[in-house]
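Undergrad: Structure incoming, see below.
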Amino acid sequence: MSKTVDLAVIGATGTVGEALVQLLEEREFPVGNLHLLAGGDSAGQSVPFRGKNLRVRELAGFDFTQVGLAFFAAGEEVSRQYADKAVAAGCSVIDLSGALAQALPIVPEANAEALAGVHAPYLLSSPAPAATVLAAVLGPLRDQLGLRRVVLNAALAVSTLGRAGIAELARQTTELLNMRPLEPQLLDRQVAFNLLAQVGALEEGGHARLERRVATELKQVLGIEGLKVSVSCSLAPVFFGDSLAVCLETDKPVDVPAVAALLAQQSAVELVETGDYPTVVGDAVGQDELYVGRLRAGLDDPAELNLWIASDNVRKGSALNAVQIGELLIKHYL
């Protein structure tokens, strides 16, 4: 990439925002001027980038005509308030909040070609980490499997809730290990040494908003007509890394060795051999790859495929996918 683009990262002091800035440097993203933006409480902090400490500025009042591309990683409310303003100023937007129904979700491993159907300034989204990870694994398998249904059980890290979630798990763990009474603050109950059956408030039909988001985005990215998706999200007492148990229903018997061979060819996938399995702590956290294991057919249905995926939710599931979308834009469209 020889040309450069002036960028803005909104939410630069959050867990995903910091990972975005780190990846922009690691991958030698063709940044011209980099503007780090956040809300008033975080403005004034510094974030390292290419040997310098860049000061984070207040988002309110920022002139988006200064940049050609903006990453929104500051939550739904901020995206709703500022993303349209950025696009109106001629700035392309990659949103990570899931708040913008009109944004086109992109996972480069699964639907990069969809970018050809939209125009600048682009309004795109990086899906929820679980949807991103699952789409990246299933995208190359679509034609071979003939997918009919996806059943996902996702054990999500507390970093799904941002820095507040990380702090809550750390505080609860400290209190319990020191034999002090536990008083949950961010959550309504104990998460340390526990597993919570839902992430966020429930909506109509008993589904959490995040579960609906994952299902919707997965369908949009895979683009398989009539695909059924069921999602259950739980909150696990780990700081980083999501663990996905996936069951696929297909329209024909599954050739498991052929599926394994195809997965092994994917640069984004690290296939763990039979007899072993990946974990977030031992394998995935801090890595760009998706760790896939426990590949097997159904117990009594040859048209069923089960697998396990461990991934870094902040790095691969969020920040890296957004940066890769940006790389595609700069290489082919901007």
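By convention here, the chains of the structure tokens are called A, B, ... in the order presented, each chain's residues are numbered starting at 1, and ligands are numbered starting at 1 in the order presented.
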Considering only C-alpha atoms, return as number ranges by chain whatever protein or nucleic-acid residues lie within 6 Å of range 245-250 of chain A, sequence-local ones (same chain, fewer than 2 positions apart) excluded.

TA: A: 145-153, 252, 303-308

Undergrad: List every residue of range 127-315 of chain A that DSSP, applied to the backbone of this structure, assigns to strand (DSSP E or B), and report them as JSON, numbers by chain.

TA: {"A": [147, 148, 149, 150, 151, 152, 153, 154, 155, 156, 196, 202, 208, 228, 229, 230, 231, 232, 233, 234, 235, 242, 243, 244, 245, 246, 247, 248, 249, 250, 269, 270, 271, 290, 291, 292, 293, 294, 295, 296, 297, 304, 305, 306, 307, 308, 309, 310, 311]}

Undergrad: Excluding same-chain residues fewer than 3 positions from Leu295 in chain A, what lies within 12 Å of it counting only C-alpha atoms, as a PyMOL selection string?

TA: chain A and resi 245-248+254-261+263-264+271-278+291-292+298+304-309

Undergrad: Hey, what's within 6 Å of range 19-34 of chain A if we count only C-alpha atoms and toss same-chain stuff fewer than 5 positions away? As a count of residues only, please?

TA: 6

Undergrad: Nearest to Val214 in chain A: which of A:Ser125, A:Ser230, A:Gln265, A:Gln185 is it, counting only C-alpha atoms?

TA: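 Between A:Ser125, A:Ser230, A:Gln265, A:Gln185, the residue approaching Val214 in chain A most closely is A:Ser230.
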
Undergrad: When you count only C-alpha atoms, which of these residues is closest to Leu115 in chain A: A:Val133, A:Leu334, A:Val269, A:Ala128?

TA: A:Leu334

Undergrad: Using only C-alpha atoms, which of the listed residues (A:Val67, A:Ala135, A:Leu328, A:Val231) sits closest to Ala116 in chain A?

TA: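 Once distances to Ala116 in chain A are computed over only C-alpha atoms, the minimum belongs to A:Leu328.
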
Undergrad: Could you give me the residues within range 130-333 of chain A that DSSP places in alpha helix (DSSP H), as JSON, numbers by chain?

TA: {"A": [130, 131, 132, 133, 134, 135, 136, 137, 138, 142, 143, 144, 145, 163, 164, 165, 166, 167, 168, 169, 170, 171, 172, 173, 174, 175, 176, 177, 209, 210, 211, 212, 213, 214, 215, 216, 217, 218, 219, 220, 221, 222, 256, 257, 258, 259, 260, 261, 262, 263, 264, 321, 322, 323, 324, 325, 326, 327, 328]}

Undergrad: Which residues of range 293-325 of chain A have any atom within 10 Å of an atom in range 11-17 of chain A when counting only C-alpha atoms, and what is the closest pair of atoms for each, with the distance in Å to one decimal? Order the rows by chain and rising number and write it as JSON lines.

TA:
```
{"residue": "A:Asn313", "atom": "CA", "partner": "A:Val16", "partner_atom": "CA", "distance": 9.2}
{"residue": "A:Val314", "atom": "CA", "partner": "A:Val16", "partner_atom": "CA", "distance": 5.7}
{"residue": "A:Arg315", "atom": "CA", "partner": "A:Val16", "partner_atom": "CA", "distance": 7.3}
{"residue": "A:Gly317", "atom": "CA", "partner": "A:Val16", "partner_atom": "CA", "distance": 9.8}
{"residue": "A:Ser318", "atom": "CA", "partner": "A:Val16", "partner_atom": "CA", "distance": 6.8}
{"residue": "A:Ala319", "atom": "CA", "partner": "A:Val16", "partner_atom": "CA", "distance": 5.9}
{"residue": "A:Leu320", "atom": "CA", "partner": "A:Val16", "partner_atom": "CA", "distance": 9.5}
```

Undergrad: My list of candidates is A:Leu134, A:Ala192, A:Val221, A:Leu299. Which is closest to Leu177 in chain A when distances are computed with only C-alpha atoms?

TA: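 For Leu177 in chain A, the nearest of the given residues is A:Ala192.
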
Undergrad: List as a list in words the protein and nucleic acid residues near range 72-78 of chain A, meaning an atom at most 7 Å away when only C-alpha atoms are counted, but skip any in the same chain fewer than 6 places from it.

TA: Val9, Ile10, Gly11, Val16, Gly17, Ile94, Asp95, Leu96, Ser97, Gly98 and Ala99 of chain A

Undergrad: Take the residues from that selection and put them in a file with C-alpha atoms, as an mmCIF file, in the first residue's frame.

TA:
```cif
data_model
loop_
_atom_site.group_PDB
_atom_site.id
_atom_site.type_symbol
_atom_site.label_atom_id
_atom_site.label_comp_id
_atom_site.auth_asym_id
_atom_site.auth_seq_id
_atom_site.Cartn_x
_atom_site.Cartn_y
_atom_site.Cartn_z
ATOM 1 C CA VAL A 9 -9.914 6.228 16.118
ATOM 2 C CA ILE A 10 -12.910 7.026 18.299
ATOM 3 C CA GLY A 11 -12.732 5.350 21.675
ATOM 4 C CA VAL A 16 -10.688 -2.306 21.561
ATOM 5 C CA GLY A 17 -9.492 1.214 20.729
ATOM 6 C CA ILE A 94 -15.979 1.324 10.177
ATOM 7 C CA ASP A 95 -18.236 0.860 13.196
ATOM 8 C CA LEU A 96 -17.647 -1.776 15.874
ATOM 9 C CA SER A 97 -20.690 -1.072 18.058
ATOM 10 C CA GLY A 98 -23.453 -2.774 16.098
ATOM 11 C CA ALA A 99 -25.630 0.316 16.524
#
```

Undergrad: How far is it from CA of Gly326 in chain A to CA of Phe49 in chain A, in Å with one decimal?

TA: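 Calculated distance between CA of Gly326 in chain A and CA of Phe49 in chain A is 17.7 Å.
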
Undergrad: Using only C-alpha atoms, find the one residue out of A:Asp188, A:Glu270, A:Asp312, A:Asp251 that sits nearest to Leu156 in chain A.

TA: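 Smallest distance to Leu156 in chain A is found for A:Asp312.
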
Undergrad: Which residues are near Cys91 in chain A? Cut-off 6 Å, only C-alpha atoms, ignore same chain within fewer than 4 positions. Put them as a compact mmCIF listing (two decimals) with N, CA and C atoms, in the first residue's frame.

TA:
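File produced: result01.txt:
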```
# COMPACT_ATOMS: atom_id res chain seq x y z
N GLY A 68 -10.02 10.61 6.19
CA GLY A 68 -10.71 9.84 5.16
C GLY A 68 -11.36 8.58 5.69
N LEU A 69 -10.96 8.15 6.90
CA LEU A 69 -11.48 6.91 7.46
C LEU A 69 -11.51 7.03 8.97
N ALA A 86 -19.84 11.92 10.39
CA ALA A 86 -18.58 11.61 9.72
C ALA A 86 -18.82 11.31 8.24
N VAL A 87 -19.82 10.48 7.96
CA VAL A 87 -20.12 10.14 6.57
C VAL A 87 -20.54 11.38 5.79
N PRO A 121 -18.62 7.84 0.46
CA PRO A 121 -17.96 7.38 1.68
C PRO A 121 -18.66 6.14 2.24
```
